[in-house]
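Source file: coords_1.txt; contents: compact mmCIF, C-alpha atoms and all ligand atoms.
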# COMPACT_ATOMS: atom_id res chain seq x y z
CA MET K 1 -71.45 7.78 -24.19
CA LYS K 2 -70.13 8.79 -20.81
CA ASP K 3 -72.36 6.20 -19.15
CA GLN K 4 -71.20 3.59 -21.58
CA LEU K 5 -67.59 4.35 -20.63
CA THR K 6 -68.33 4.20 -16.91
CA LYS K 7 -70.04 0.86 -17.30
CA LEU K 8 -67.14 -0.45 -19.33
CA LYS K 9 -64.71 0.67 -16.67
CA ASP K 10 -66.69 -0.92 -13.83
CA GLN K 11 -66.91 -4.15 -15.72
CA ALA K 12 -63.20 -4.11 -16.51
CA VAL K 13 -62.23 -3.40 -12.91
CA LYS K 14 -64.40 -6.27 -11.70
CA GLU K 15 -62.87 -8.70 -14.15
CA PHE K 16 -59.29 -7.55 -13.53
CA LYS K 17 -59.71 -8.02 -9.82
CA LYS K 18 -60.94 -11.55 -10.31
CA SER K 19 -57.92 -12.69 -12.25
CA ASN K 20 -55.53 -14.64 -10.09
CA VAL K 21 -52.98 -15.78 -12.64
CA LEU K 22 -50.85 -13.58 -14.80
CA ASP K 23 -52.12 -15.15 -18.02
CA ASP K 24 -55.71 -14.17 -17.25
CA LEU K 25 -54.64 -10.67 -16.51
CA LYS K 26 -52.80 -10.41 -19.83
CA LYS K 27 -55.86 -11.66 -21.68
CA LEU K 28 -58.06 -9.12 -19.97
CA GLN K 29 -55.59 -6.39 -20.75
CA THR K 30 -55.89 -7.27 -24.43
CA LYS K 31 -59.63 -7.52 -24.15
CA TYR K 32 -60.01 -3.98 -22.92
CA LEU K 33 -56.88 -2.09 -23.83
CA GLY K 34 -55.51 -4.02 -26.80
CA ARG K 35 -55.60 -2.66 -30.35
CA LYS K 36 -59.01 -4.12 -30.88
CA GLY K 37 -60.02 -3.83 -27.23
CA GLU K 38 -63.31 -2.56 -25.91
CA LEU K 39 -61.98 0.70 -24.60
CA THR K 40 -59.90 1.29 -27.68
CA LYS K 41 -63.00 0.86 -29.77
CA VAL K 42 -64.83 3.51 -27.79
CA LEU K 43 -61.85 5.83 -28.04
CA ARG K 44 -61.93 5.47 -31.81
CA GLN K 45 -65.53 6.61 -31.87
CA VAL K 46 -64.72 9.86 -30.11
CA LYS K 47 -63.84 11.53 -33.37
CA ASP K 48 -67.39 10.99 -34.63
CA LEU K 49 -68.95 12.87 -31.72
CA ALA K 50 -70.33 16.36 -31.89
CA GLU K 51 -67.54 18.88 -31.58
CA ALA K 52 -68.76 20.20 -28.23
CA GLU K 53 -68.69 16.74 -26.64
CA ARG K 54 -65.45 15.50 -28.07
CA PRO K 55 -62.92 16.99 -25.62
CA LYS K 56 -64.90 16.05 -22.51
CA ILE K 57 -65.51 12.46 -23.54
CA GLY K 58 -61.99 12.09 -24.92
CA GLN K 59 -60.52 13.25 -21.64
CA TYR K 60 -62.77 10.93 -19.66
CA ALA K 61 -61.90 7.94 -21.81
CA ASN K 62 -58.19 8.63 -21.43
CA GLN K 63 -58.57 8.99 -17.71
CA ILE K 64 -60.23 5.57 -17.54
CA LYS K 65 -57.49 4.10 -19.68
CA GLY K 66 -54.86 5.49 -17.30
CA GLU K 67 -56.65 4.17 -14.23
CA LEU K 68 -57.00 0.71 -15.72
CA GLU K 69 -53.31 0.64 -16.64
CA VAL K 70 -52.32 1.48 -13.08
CA LEU K 71 -54.67 -1.17 -11.75
CA ILE K 72 -53.18 -3.78 -14.06
CA LYS K 73 -49.66 -2.93 -12.86
CA ASP K 74 -50.73 -3.26 -9.22
CA ILE K 75 -52.47 -6.60 -9.76
CA GLU K 76 -49.52 -7.82 -11.79
CA TYR K 77 -47.12 -6.93 -8.96
CA GLU K 78 -49.27 -8.69 -6.40
CA LEU K 79 -49.63 -11.81 -8.51
CA LYS K 80 -45.89 -11.96 -9.12
CA GLN K 81 -45.19 -11.58 -5.45
CA LYS K 82 -47.68 -14.27 -4.57
CA SER K 83 -46.17 -16.72 -6.97
CA GLY K 84 -42.68 -15.69 -5.78
CA ALA K 85 -41.57 -16.08 -9.35
CA GLN K 86 -38.68 -14.28 -10.93
CA LYS K 87 -37.73 -12.34 -7.89
CA GLU K 88 -35.15 -10.33 -9.77
CA GLU K 89 -37.90 -8.74 -11.81
CA LEU K 90 -39.35 -7.33 -8.61
CA ILE K 91 -36.24 -5.52 -7.51
CA ASP K 92 -36.90 -1.84 -7.23
CA VAL K 93 -33.63 -0.34 -8.37
CA THR K 94 -34.63 3.08 -7.13
CA LEU K 95 -34.60 1.97 -3.49
CA PRO K 96 -31.52 3.03 -1.50
CA GLY K 97 -29.02 0.14 -1.29
CA THR K 98 -27.71 -1.70 1.75
CA LYS K 99 -24.79 0.19 3.18
CA TYR K 100 -21.76 -1.97 3.88
CA GLN K 101 -19.63 -0.94 6.80
CA GLN K 102 -16.23 0.06 5.60
CA GLY K 103 -13.20 -0.47 7.78
CA HIS K 104 -10.28 1.87 8.16
CA LEU K 105 -6.68 1.87 9.21
CA HIS K 106 -5.76 1.20 12.84
CA PRO K 107 -4.22 4.25 14.58
CA ASN K 108 -0.94 2.31 14.84
CA THR K 109 -0.85 1.87 11.08
CA ILE K 110 -1.76 5.50 10.45
CA VAL K 111 1.14 6.73 12.57
CA GLN K 112 3.52 4.06 11.24
CA ARG K 113 2.85 5.15 7.66
CA GLN K 114 3.30 8.81 8.52
CA LEU K 115 6.65 8.01 10.14
CA GLU K 116 7.71 5.97 7.13
CA GLU K 117 7.00 8.99 4.94
CA VAL K 118 9.13 11.25 7.15
CA PHE K 119 12.07 8.85 6.88
CA LYS K 120 11.64 8.03 3.21
CA ASN K 121 11.94 11.75 2.56
CA MET K 122 15.31 11.65 4.32
CA GLY K 123 16.51 8.77 2.14
CA PHE K 124 15.80 5.86 4.50
CA MET K 125 14.61 2.46 3.30
CA VAL K 126 11.65 0.88 5.07
CA LEU K 127 12.33 -2.76 5.95
CA GLU K 128 10.39 -5.43 7.74
CA GLY K 129 11.78 -8.43 9.54
CA PRO K 130 10.84 -11.59 11.40
CA GLU K 131 8.86 -11.50 14.65
CA LEU K 132 9.99 -15.03 15.48
CA GLU K 133 13.70 -14.41 15.85
CA SER K 134 16.91 -16.08 16.84
CA GLU K 135 18.59 -15.22 20.12
CA TYR K 136 21.55 -14.19 18.03
CA TYR K 137 19.94 -11.28 16.17
CA ASN K 138 17.78 -10.26 19.12
CA PHE K 139 20.64 -10.28 21.66
CA GLU K 140 24.15 -11.50 20.83
CA ALA K 141 24.63 -9.51 17.65
CA LEU K 142 23.61 -6.46 19.68
CA ASN K 143 26.37 -6.89 22.22
CA ILE K 144 24.11 -8.68 24.73
CA PRO K 145 25.78 -12.02 25.56
CA PRO K 146 23.75 -14.77 27.31
CA SER K 147 24.68 -13.74 30.85
CA HIS K 148 23.99 -10.04 30.30
CA PRO K 149 21.51 -8.45 32.75
CA ALA K 150 19.89 -6.54 29.86
CA ARG K 151 18.19 -9.82 28.94
CA ASP K 152 16.14 -9.52 32.11
CA ILE K 153 14.77 -6.08 31.25
CA GLN K 154 13.88 -7.36 27.82
CA ASP K 155 12.46 -10.68 28.90
CA THR K 156 10.31 -12.09 26.15
CA PHE K 157 8.60 -15.31 25.07
CA TYR K 158 10.77 -18.29 24.24
CA ILE K 159 9.64 -21.15 22.05
CA LYS K 160 9.11 -24.48 23.75
CA ASN K 161 11.45 -27.22 22.53
CA LYS K 162 13.14 -24.79 20.12
CA PRO K 163 16.22 -23.50 21.90
CA GLY K 164 17.57 -20.28 20.48
CA LEU K 165 14.21 -19.07 19.17
CA LEU K 166 12.15 -16.28 20.72
CA MET K 167 9.59 -13.60 19.91
CA ARG K 168 11.69 -10.53 19.22
CA ALA K 169 11.84 -8.17 22.19
CA HIS K 170 12.60 -5.15 20.02
CA THR K 171 12.95 -4.08 16.41
CA SER K 172 16.70 -3.74 17.02
CA ASN K 173 16.88 -7.35 15.81
CA GLN K 174 16.87 -5.85 12.33
CA GLN K 175 20.09 -3.87 12.73
CA VAL K 176 22.65 -6.55 11.96
CA ARG K 177 20.30 -8.32 9.56
CA ALA K 178 20.06 -5.13 7.47
CA ILE K 179 23.82 -4.48 7.49
CA GLU K 180 24.40 -8.05 6.32
CA LYS K 181 21.79 -7.86 3.62
CA TYR K 182 22.22 -4.33 2.25
CA GLY K 183 25.79 -3.38 3.20
CA VAL K 184 26.93 0.17 3.92
CA PRO K 185 26.39 3.11 3.74
CA LEU K 186 22.95 2.32 5.07
CA ARG K 187 19.88 4.26 6.07
CA ALA K 188 16.86 2.23 7.09
CA VAL K 189 13.88 2.18 9.41
CA PHE K 190 12.27 -1.01 10.67
CA PRO K 191 8.71 -0.72 11.93
CA GLY K 192 7.08 -3.69 13.59
CA ARG K 193 5.49 -5.64 16.38
CA VAL K 194 7.50 -6.65 19.41
CA PHE K 195 6.89 -8.78 22.50
CA ARG K 196 7.69 -8.65 26.21
CA ASN K 197 6.99 -10.85 29.17
CA GLU K 198 5.17 -8.04 31.01
CA ALA K 199 2.44 -7.65 33.59
CA THR K 200 -0.07 -5.46 31.77
CA ASP K 201 -1.36 -2.11 33.01
CA ALA K 202 -2.31 1.27 31.49
CA SER K 203 1.17 1.70 30.03
CA HIS K 204 2.48 -1.88 29.63
CA GLU K 205 1.48 -4.58 27.17
CA THR K 206 2.93 -7.92 26.14
CA THR K 207 2.63 -6.89 22.51
CA PHE K 208 3.33 -3.46 21.13
CA TYR K 209 4.94 -1.63 18.22
CA GLN K 210 8.28 0.05 17.68
CA LEU K 211 10.03 1.79 14.87
CA GLU K 212 13.77 1.29 14.74
CA GLY K 213 16.16 3.45 12.76
CA LEU K 214 19.74 2.81 11.69
CA MET K 215 22.17 4.95 9.81
CA ILE K 216 25.68 3.70 9.08
CA ASP K 217 28.14 5.88 7.23
CA LYS K 218 31.45 7.61 7.77
CA ASP K 219 31.86 10.20 10.56
CA ILE K 220 28.36 9.92 11.98
CA SER K 221 27.94 11.89 15.19
CA VAL K 222 25.33 12.68 17.84
CA THR K 223 24.42 15.79 15.82
CA HIS K 224 23.01 13.59 13.04
CA LEU K 225 21.07 11.64 15.61
CA ILE K 226 19.50 14.69 17.27
CA ALA K 227 18.59 16.30 13.95
CA SER K 228 16.86 13.10 12.82
CA MET K 229 14.95 12.78 16.10
CA LYS K 230 13.73 16.37 15.83
CA ALA K 231 12.64 15.88 12.22
CA MET K 232 10.81 12.72 13.21
CA LEU K 233 8.90 14.18 16.16
CA LYS K 234 8.00 17.36 14.34
CA GLY K 235 6.91 15.43 11.26
CA ILE K 236 4.56 13.28 13.27
CA LEU K 237 3.26 15.51 16.06
CA LYS K 238 3.03 18.49 13.69
CA LYS K 239 4.13 20.86 16.42
CA ASP K 240 7.26 21.73 18.31
CA VAL K 241 7.23 19.54 21.40
CA GLU K 242 9.52 19.80 24.37
CA VAL K 243 12.20 17.16 24.16
CA ARG K 244 14.65 16.06 26.85
CA LEU K 245 17.82 14.07 26.20
CA ARG K 246 19.16 11.96 29.09
CA PRO K 247 22.06 9.58 29.17
CA GLY K 248 20.68 6.06 28.86
CA TYR K 249 22.26 2.65 28.83
CA PHE K 250 21.68 0.22 25.98
CA PRO K 251 24.40 -2.37 25.31
CA PHE K 252 24.29 -1.78 21.54
CA VAL K 253 25.09 1.95 21.62
CA GLU K 254 27.87 4.04 23.09
CA PRO K 255 27.08 6.73 24.15
CA GLY K 256 23.37 6.01 24.64
CA PHE K 257 20.47 8.40 25.22
CA GLU K 258 16.87 8.39 26.22
CA VAL K 259 14.78 10.92 24.35
CA ASP K 260 11.78 12.00 26.41
CA VAL K 261 8.87 14.05 25.13
CA SER K 262 6.77 16.23 27.42
CA CYS K 263 3.50 14.41 28.09
CA LEU K 264 0.85 15.71 25.74
CA ILE K 265 -1.91 13.89 27.61
CA CYS K 266 -1.62 15.77 30.89
CA GLY K 267 0.39 18.73 29.60
CA GLY K 268 3.28 17.79 31.88
CA GLN K 269 1.15 17.74 35.06
CA GLY K 270 1.57 13.99 35.64
CA CYS K 271 -0.80 11.17 34.75
CA SER K 272 -0.93 7.36 34.49
CA VAL K 273 0.73 7.36 31.07
CA CYS K 274 3.75 9.42 32.11
CA LYS K 275 3.88 7.71 35.52
CA GLN K 276 3.24 11.10 37.15
CA THR K 277 6.55 12.52 35.85
CA GLY K 278 5.24 14.79 33.08
CA TRP K 279 7.63 13.13 30.60
CA VAL K 280 7.17 10.13 28.36
CA GLU K 281 10.15 8.00 27.37
CA MET K 282 9.76 7.83 23.66
CA VAL K 283 13.05 6.91 22.05
CA GLY K 284 16.15 4.98 23.02
CA SER K 285 19.09 5.97 20.90
CA GLY K 286 22.83 6.38 20.58
CA LEU K 287 25.87 5.85 18.44
CA VAL K 288 26.17 2.28 17.25
CA HIS K 289 28.53 0.25 19.44
CA PRO K 290 31.70 -0.93 17.67
CA ASN K 291 30.79 -4.54 18.56
CA VAL K 292 27.55 -4.22 16.56
CA ILE K 293 29.43 -2.75 13.60
CA LYS K 294 31.80 -5.71 13.85
CA ALA K 295 28.91 -8.18 14.10
CA GLY K 296 27.74 -6.73 10.76
CA GLY K 297 31.15 -7.70 9.33
CA LEU K 298 32.42 -4.13 9.10
CA ASP K 299 35.56 -2.36 10.25
CA SER K 300 34.46 -0.29 13.23
CA LYS K 301 37.35 2.15 12.69
CA GLU K 302 36.07 2.97 9.24
CA TRP K 303 32.30 2.98 9.83
CA SER K 304 30.16 4.62 12.43
CA GLY K 305 26.45 5.18 12.86
CA PHE K 306 23.48 6.07 14.99
CA ALA K 307 20.51 3.96 15.94
CA PHE K 308 17.24 4.62 17.65
CA GLY K 309 14.21 2.67 18.78
CA LEU K 310 10.95 4.61 18.92
CA GLY K 311 8.03 3.41 21.00
CA LEU K 312 5.51 3.60 18.18
CA THR K 313 2.66 2.59 20.46
CA ARG K 314 3.59 5.28 22.96
CA LEU K 315 3.68 7.86 20.22
CA VAL K 316 0.22 6.82 19.02
CA MET K 317 -1.07 7.23 22.58
CA LEU K 318 0.49 10.64 22.91
CA LYS K 319 -0.70 11.85 19.53
CA TYR K 320 -4.32 10.81 20.04
CA GLY K 321 -4.57 11.25 23.81
CA ILE K 322 -5.14 7.54 24.53
CA ASP K 323 -4.65 6.92 28.24
CA ASP K 324 -4.68 3.10 28.29
CA ILE K 325 -2.37 1.04 26.05
CA ARG K 326 -4.68 -2.00 26.31
CA LEU K 327 -7.34 -0.27 24.21
CA LEU K 328 -5.13 -0.47 21.13
CA GLN K 329 -5.29 -4.24 20.91
CA SER K 330 -8.77 -4.60 22.36
CA GLY K 331 -10.57 -4.76 19.02
CA ASP K 332 -13.31 -2.70 20.69
CA LEU K 333 -15.21 -0.88 17.95
CA ARG K 334 -16.33 1.87 20.30
CA PHE K 335 -12.64 2.73 20.57
CA LEU K 336 -11.57 2.01 16.99
CA ASN K 337 -14.39 3.91 15.31
CA GLN K 338 -13.00 7.13 16.70
CA PHE K 339 -10.11 7.16 14.24
N1 LIG Z 1 15.71 -1.69 21.61
C1 LIG Z 1 15.52 -0.78 22.70
C2 LIG Z 1 14.30 -1.17 23.51
O1 LIG Z 1 13.46 -1.86 23.00
C3 LIG Z 1 15.35 0.62 22.18
C4 LIG Z 1 16.58 1.18 21.57
C5 LIG Z 1 17.49 1.86 22.37
C6 LIG Z 1 16.85 1.04 20.24
C7 LIG Z 1 18.62 2.43 21.82
C8 LIG Z 1 18.01 1.56 19.68
C9 LIG Z 1 18.88 2.27 20.49
O2 LIG Z 1 18.31 1.45 18.38
O3 LIG Z 1 20.00 2.83 19.93
O4 LIG Z 1 14.19 -0.78 24.63

Render the structure in this file as structure tokens.
Ligand code: DAH
Amino acid sequence: MKDQLTKLKDQAVKEFKKSNVLDDLKKLQTKYLGRKGELTKVLRQVKDLAEAERPKIGQYANQIKGELEVLIKDIEYELKQKSGAQKEELIDVTLPGTKYQQGHLHPNTIVQRQLEEVFKNMGFMVLEGPELESEYYNFEALNIPPSHPARDIQDTFYIKNKPGLLMRAHTSNQQVRAIEKYGVPLRAVFPGRVFRNEATDASHETTFYQLEGLMIDKDISVTHLIASMKAMLKGILKKDVEVRLRPGYFPFVEPGFEVDVSCLICGGQGCSVCKQTGWVEMVGSGLVHPNVIKAGGLDSKEWSGFAFGLGLTRLVMLKYGIDDIRLLQSGDLRFLNQF
């Protein structure tokens, strides 16, 4: 009986291999392995064998059955592939999938959002405003009349054939807009992109980011300003950094200050980012000038406030040790993938 089984198997294998359409294969499968198939018939006879033979032959017959089933699957796969039919049936769901590259937030955005959190926790609103701005909100409302030399330092891009329109040179454009829209008392920060007509180098770009802050209330003093600056820098740099306050001139504050932070890139030794001084100008600030309060339609005797403009891009560079501002807008993945 063993020989009979071997012969049957050889014959089946030969016939299976010859089939070159699926239908033939199915027919052959029925012929040998179906309910009334050749092999099935033999398997049925096993029970009539002598007891000593039964297990051996039974095992052999089952082994052949298994081998034939595997062979059928293989031939079936090949035939399906050849015919290219029903591709979806051929998908092997156990194969690992294609990995899609997932993006992530730009370092500017990461730091901007962290700053927003710090200020939201102190009761500030977060507001956005237009990048294409009127000369009025960018300059005049901020106590910078047309002939003022401060317009030179903040030279920006003007719009051809559209007098009075420019790309905002700072986020301070939001100050009077916010007072007009939300009234007082007011606490708000304005993050955003700003523009300057600059020659670019490691620390200058034509396009960069700032975060402006404005608080208008009664009896606001420099103390409020300093406390807010400290909370901001600590909240974002997560360590106590050395800070230096210098008098600084900005037409929209009186008195005005520059807040410098010791350069974290070179540890105060001097490098291209800190222009070899060991300090990085990070924030311009001061008490809001009465003319700005008036431009917001308020009585400057009743209301006072502080304002600051943080160089968001500078802060990002300091926080992550980036020594060339141009990398931030380069779109270079070798740079961006590090964050
Ligand atoms: N707008 C200024 C600049 O871009 C920065 C600034 C200075 C903002 C002092 C302020 C401020 O709110 O009080 O250089």

**Item:** Shortest interatomic distance to ligand LIG 1 (chain Z) - which of K:Leu115, K:Cys274, K:Leu233, K:Val176, counting all atoms listed in the file
**Value:** K:Val176

**ligand LIG 1 (chain Z) neighbours within 10 Å using all atoms listed in the file, as a count of residues only** = 51

**Contacts of range 234-236 of chain K within 8 Å, all atoms listed in the file, excl. fewer than 2 positions in-chain, as a ChimeraX atom specification** = /K:111,114-115,118,230-232,238-241

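Of the listed residues (K:Gly296, K:Gly270, K:Pro247, K:Gly58), K:Gly270 comes nearest to Asp323 in chain K; the distances count only C-alpha atoms.
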
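Atom to atom, CA of Met317 in chain K and CA of Ala202 in chain K stand 10.8 Å apart.
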